[in-house]
Amino acid sequence: MTALPIDIDPTRIDVRAATSSAGCTITISGEVDSATAPGLRNCLLEVVGRPGTAGVEVDLSRVTFLDSAGLSALATAHRAADAAGRQLLMRCGTARAVIRPLQITGLWDVFTVVDA
């Protein structure tokens, strides 16, 4: 497993990406809002666009706040993964801060959500 350095303001959001032969896991913690979503989107698009990455799992279980900019970043990554023929999984755990916005916007039914 290889950790990838992700340059996003650590005072607002922490993104850690780890790759293995099975794919890539991106763990996000903190607030995903209009200030941090562009960096997250860029990170997700870079990982999804990497050759040889079969699947990408996005672990959102440590996210404390998710607004429309964050939802847009996730939707953009989902579309990019779909266009590249890759699977993008969202792991939400019991994070109500993530589950409710996904449900309210209907993205819950669009994304492949595991362990919620």
# chains A, B, ... in the order shown; residues from 1 in each chain; ligands from 1

call {"tool": "residues_around", "arguments": {"residues": "stretch 68-85 of chain A", "least_positions_apart": "6", "cutoff": "10 Å", "atoms": "only C-alpha atoms", "output": "PyMOL selection string"}}
result
chain A and resi 31-51+53-56+58+98+101-102+105+107+110-112

call {"tool": "residues_around", "arguments": {"residues": "A:Ser61", "least_positions_apart": "3", "cutoff": "12 Å", "atoms": "only C-alpha atoms", "output": "JSON, numbers by chain"}}
result
{"A": [26, 27, 28, 29, 30, 31, 57, 58, 64, 65, 66, 90, 91, 92, 93, 94, 95, 96, 97, 98, 99, 113, 114, 115, 116]}

call {"tool": "write_last_selection", "arguments": {"atoms": "N, CA, C and O atoms", "output": "JSON list (two decimals), in the first residue's frame"}}
result
[["chain", "number", "residue", "atom", "x", "y", "z"],
["A", 26, "ILE", "N", -9.45, 6.57, -0.68],
["A", 26, "ILE", "CA", -9.23, 7.97, -0.31],
["A", 26, "ILE", "C", -10.05, 8.22, 0.95],
["A", 26, "ILE", "O", -11.27, 8.07, 0.94],
["A", 27, "THR", "N", -9.37, 8.56, 2.03],
["A", 27, "THR", "CA", -10.03, 8.83, 3.30],
["A", 27, "THR", "C", -10.06, 10.33, 3.52],
["A", 27, "THR", "O", -9.03, 10.99, 3.46],
["A", 28, "ILE", "N", -11.25, 10.86, 3.78],
["A", 28, "ILE", "CA", -11.44, 12.29, 3.94],
["A", 28, "ILE", "C", -11.97, 12.55, 5.34],
["A", 28, "ILE", "O", -12.87, 11.85, 5.80],
["A", 29, "SER", "N", -11.42, 13.56, 6.00],
["A", 29, "SER", "CA", -11.96, 13.96, 7.30],
["A", 29, "SER", "C", -11.99, 15.47, 7.36],
["A", 29, "SER", "O", -11.21, 16.15, 6.69],
["A", 30, "GLY", "N", -12.92, 15.99, 8.15],
["A", 30, "GLY", "CA", -13.05, 17.44, 8.29],
["A", 30, "GLY", "C", -14.27, 17.96, 7.55],
["A", 30, "GLY", "O", -15.19, 17.22, 7.23],
["A", 31, "GLU", "N", -14.25, 19.24, 7.26],
["A", 31, "GLU", "CA", -15.37, 19.91, 6.61],
["A", 31, "GLU", "C", -15.12, 20.00, 5.10],
["A", 31, "GLU", "O", -14.06, 20.47, 4.68],
["A", 57, "GLU", "N", -12.32, 3.84, -3.73],
["A", 57, "GLU", "CA", -13.23, 3.92, -2.61],
["A", 57, "GLU", "C", -13.00, 5.25, -1.90],
["A", 57, "GLU", "O", -11.86, 5.59, -1.58],
["A", 58, "VAL", "N", -14.06, 5.99, -1.67],
["A", 58, "VAL", "CA", -13.98, 7.27, -0.98],
["A", 58, "VAL", "C", -14.59, 7.09, 0.40],
["A", 58, "VAL", "O", -15.79, 6.85, 0.52],
["A", 64, "THR", "N", -17.22, 15.87, 8.81],
["A", 64, "THR", "CA", -18.08, 16.50, 9.80],
["A", 64, "THR", "C", -19.08, 17.47, 9.20],
["A", 64, "THR", "O", -20.05, 17.87, 9.86],
["A", 65, "PHE", "N", -18.86, 17.87, 7.94],
["A", 65, "PHE", "CA", -19.76, 18.81, 7.26],
["A", 65, "PHE", "C", -19.60, 18.62, 5.77],
["A", 65, "PHE", "O", -18.48, 18.49, 5.27],
["A", 66, "LEU", "N", -20.71, 18.58, 5.05],
["A", 66, "LEU", "CA", -20.69, 18.40, 3.60],
["A", 66, "LEU", "C", -21.74, 19.32, 3.00],
["A", 66, "LEU", "O", -22.94, 19.16, 3.25],
["A", 90, "MET", "N", -18.63, 4.91, -2.31],
["A", 90, "MET", "CA", -18.65, 5.88, -1.22],
["A", 90, "MET", "C", -18.91, 5.11, 0.08],
["A", 90, "MET", "O", -19.90, 4.40, 0.20],
["A", 91, "ARG", "N", -18.00, 5.24, 1.02],
["A", 91, "ARG", "CA", -18.15, 4.62, 2.34],
["A", 91, "ARG", "C", -18.53, 5.73, 3.31],
["A", 91, "ARG", "O", -17.74, 6.65, 3.55],
["A", 92, "CYS", "N", -19.73, 5.64, 3.87],
["A", 92, "CYS", "CA", -20.24, 6.72, 4.72],
["A", 92, "CYS", "C", -20.25, 6.38, 6.20],
["A", 92, "CYS", "O", -20.33, 7.27, 7.03],
["A", 93, "GLY", "N", -20.21, 5.11, 6.54],
["A", 93, "GLY", "CA", -20.32, 4.73, 7.95],
["A", 93, "GLY", "C", -21.63, 5.23, 8.51],
["A", 93, "GLY", "O", -22.68, 5.10, 7.88],
["A", 94, "THR", "N", -21.58, 5.86, 9.66],
["A", 94, "THR", "CA", -22.79, 6.41, 10.27],
["A", 94, "THR", "C", -22.75, 7.93, 10.30],
["A", 94, "THR", "O", -23.44, 8.56, 11.09],
["A", 95, "ALA", "N", -21.95, 8.53, 9.43],
["A", 95, "ALA", "CA", -21.77, 9.99, 9.40],
["A", 95, "ALA", "C", -23.04, 10.67, 8.88],
["A", 95, "ALA", "O", -23.24, 10.80, 7.69],
["A", 96, "ARG", "N", -23.86, 11.11, 9.80],
["A", 96, "ARG", "CA", -25.10, 11.79, 9.43],
["A", 96, "ARG", "C", -24.82, 13.05, 8.60],
["A", 96, "ARG", "O", -25.61, 13.41, 7.73],
["A", 97, "ALA", "N", -23.69, 13.69, 8.85],
["A", 97, "ALA", "CA", -23.31, 14.89, 8.10],
["A", 97, "ALA", "C", -23.12, 14.59, 6.62],
["A", 97, "ALA", "O", -23.16, 15.49, 5.79],
["A", 98, "VAL", "N", -22.92, 13.32, 6.28],
["A", 98, "VAL", "CA", -22.76, 12.91, 4.88],
["A", 98, "VAL", "C", -24.03, 12.23, 4.38],
["A", 98, "VAL", "O", -24.51, 12.52, 3.27],
["A", 99, "ILE", "N", -24.60, 11.36, 5.17],
["A", 99, "ILE", "CA", -25.76, 10.58, 4.73],
["A", 99, "ILE", "C", -26.94, 11.47, 4.38],
["A", 99, "ILE", "O", -27.55, 11.31, 3.32],
["A", 113, "VAL", "N", -23.10, 3.34, -2.54],
["A", 113, "VAL", "CA", -22.78, 3.58, -1.13],
["A", 113, "VAL", "C", -22.66, 2.23, -0.44],
["A", 113, "VAL", "O", -23.53, 1.38, -0.57],
["A", 114, "VAL", "N", -21.55, 2.06, 0.29],
["A", 114, "VAL", "CA", -21.34, 0.82, 1.03],
["A", 114, "VAL", "C", -21.28, 1.11, 2.52],
["A", 114, "VAL", "O", -20.96, 2.21, 2.93],
["A", 115, "ASP", "N", -21.65, 0.16, 3.32],
["A", 115, "ASP", "CA", -21.63, 0.15, 4.80],
["A", 115, "ASP", "C", -22.36, 1.30, 5.47],
["A", 115, "ASP", "O", -21.96, 1.80, 6.48],
["A", 116, "ALA", "N", -23.46, 1.73, 4.91],
["A", 116, "ALA", "CA", -24.20, 2.82, 5.55],
["A", 116, "ALA", "C", -25.34, 2.28, 6.36],
["A", 116, "ALA", "O", -25.77, 1.20, 6.22]]

call {"tool": "select_by_dssp", "arguments": {"residues": "chain A", "states": "strand (DSSP E or B)", "output": "PyMOL selection string"}}
result
chain A and resi 2-4+13-20+23-32+55-66+87-91+112-114

call {"tool": "write_last_selection", "arguments": {"atoms": "C-alpha atoms", "output": "CSV table (one decimal), in the first residue's frame"}}
result
chain,number,residue,atom,x,y,z
A,2,THR,CA,1.4,3.4,-1.0
A,3,ALA,CA,0.2,6.6,0.6
A,4,LEU,CA,-0.1,9.6,-1.8
A,13,ILE,CA,-9.8,19.0,5.5
A,14,ASP,CA,-7.5,16.0,5.6
A,15,VAL,CA,-7.3,13.7,2.6
A,16,ARG,CA,-5.3,10.5,2.6
A,17,ALA,CA,-5.0,8.3,-0.4
A,18,ALA,CA,-3.6,4.7,-0.3
A,19,THR,CA,-3.2,2.5,-3.3
A,20,SER,CA,-3.0,-1.3,-3.5
A,23,GLY,CA,-7.5,-0.1,-6.2
A,24,CYS,CA,-7.3,3.1,-4.2
A,25,THR,CA,-8.9,4.3,-1.0
A,26,ILE,CA,-9.2,8.0,-0.3
A,27,THR,CA,-10.0,8.8,3.3
A,28,ILE,CA,-11.4,12.3,3.9
A,29,SER,CA,-12.0,14.0,7.3
A,30,GLY,CA,-13.1,17.4,8.3
A,31,GLU,CA,-15.4,19.9,6.6
A,32,VAL,CA,-16.0,19.7,2.9
A,55,GLY,CA,-11.7,1.0,-8.4
A,56,VAL,CA,-11.7,3.9,-6.1
A,57,GLU,CA,-13.2,3.9,-2.6
A,58,VAL,CA,-14.0,7.3,-1.0
A,59,ASP,CA,-14.2,7.0,2.8
A,60,LEU,CA,-16.4,9.8,4.0
A,61,SER,CA,-17.1,8.4,7.5
A,62,ARG,CA,-14.9,11.1,9.2
A,63,VAL,CA,-16.5,14.1,7.4
A,64,THR,CA,-18.1,16.5,9.8
A,65,PHE,CA,-19.8,18.8,7.3
A,66,LEU,CA,-20.7,18.4,3.6
A,87,GLN,CA,-16.1,1.9,-10.0
A,88,LEU,CA,-16.3,4.6,-7.4
A,89,LEU,CA,-17.6,3.5,-4.0
A,90,MET,CA,-18.7,5.9,-1.2
A,91,ARG,CA,-18.2,4.6,2.3
A,112,THR,CA,-22.7,3.2,-4.9
A,113,VAL,CA,-22.8,3.6,-1.1
A,114,VAL,CA,-21.3,0.8,1.0

call {"tool": "select_by_dssp", "arguments": {"residues": "chain A", "states": "alpha helix (DSSP H)", "output": "PyMOL selection string"}}
result
chain A and resi 37-48+68-83+96-105+107-110
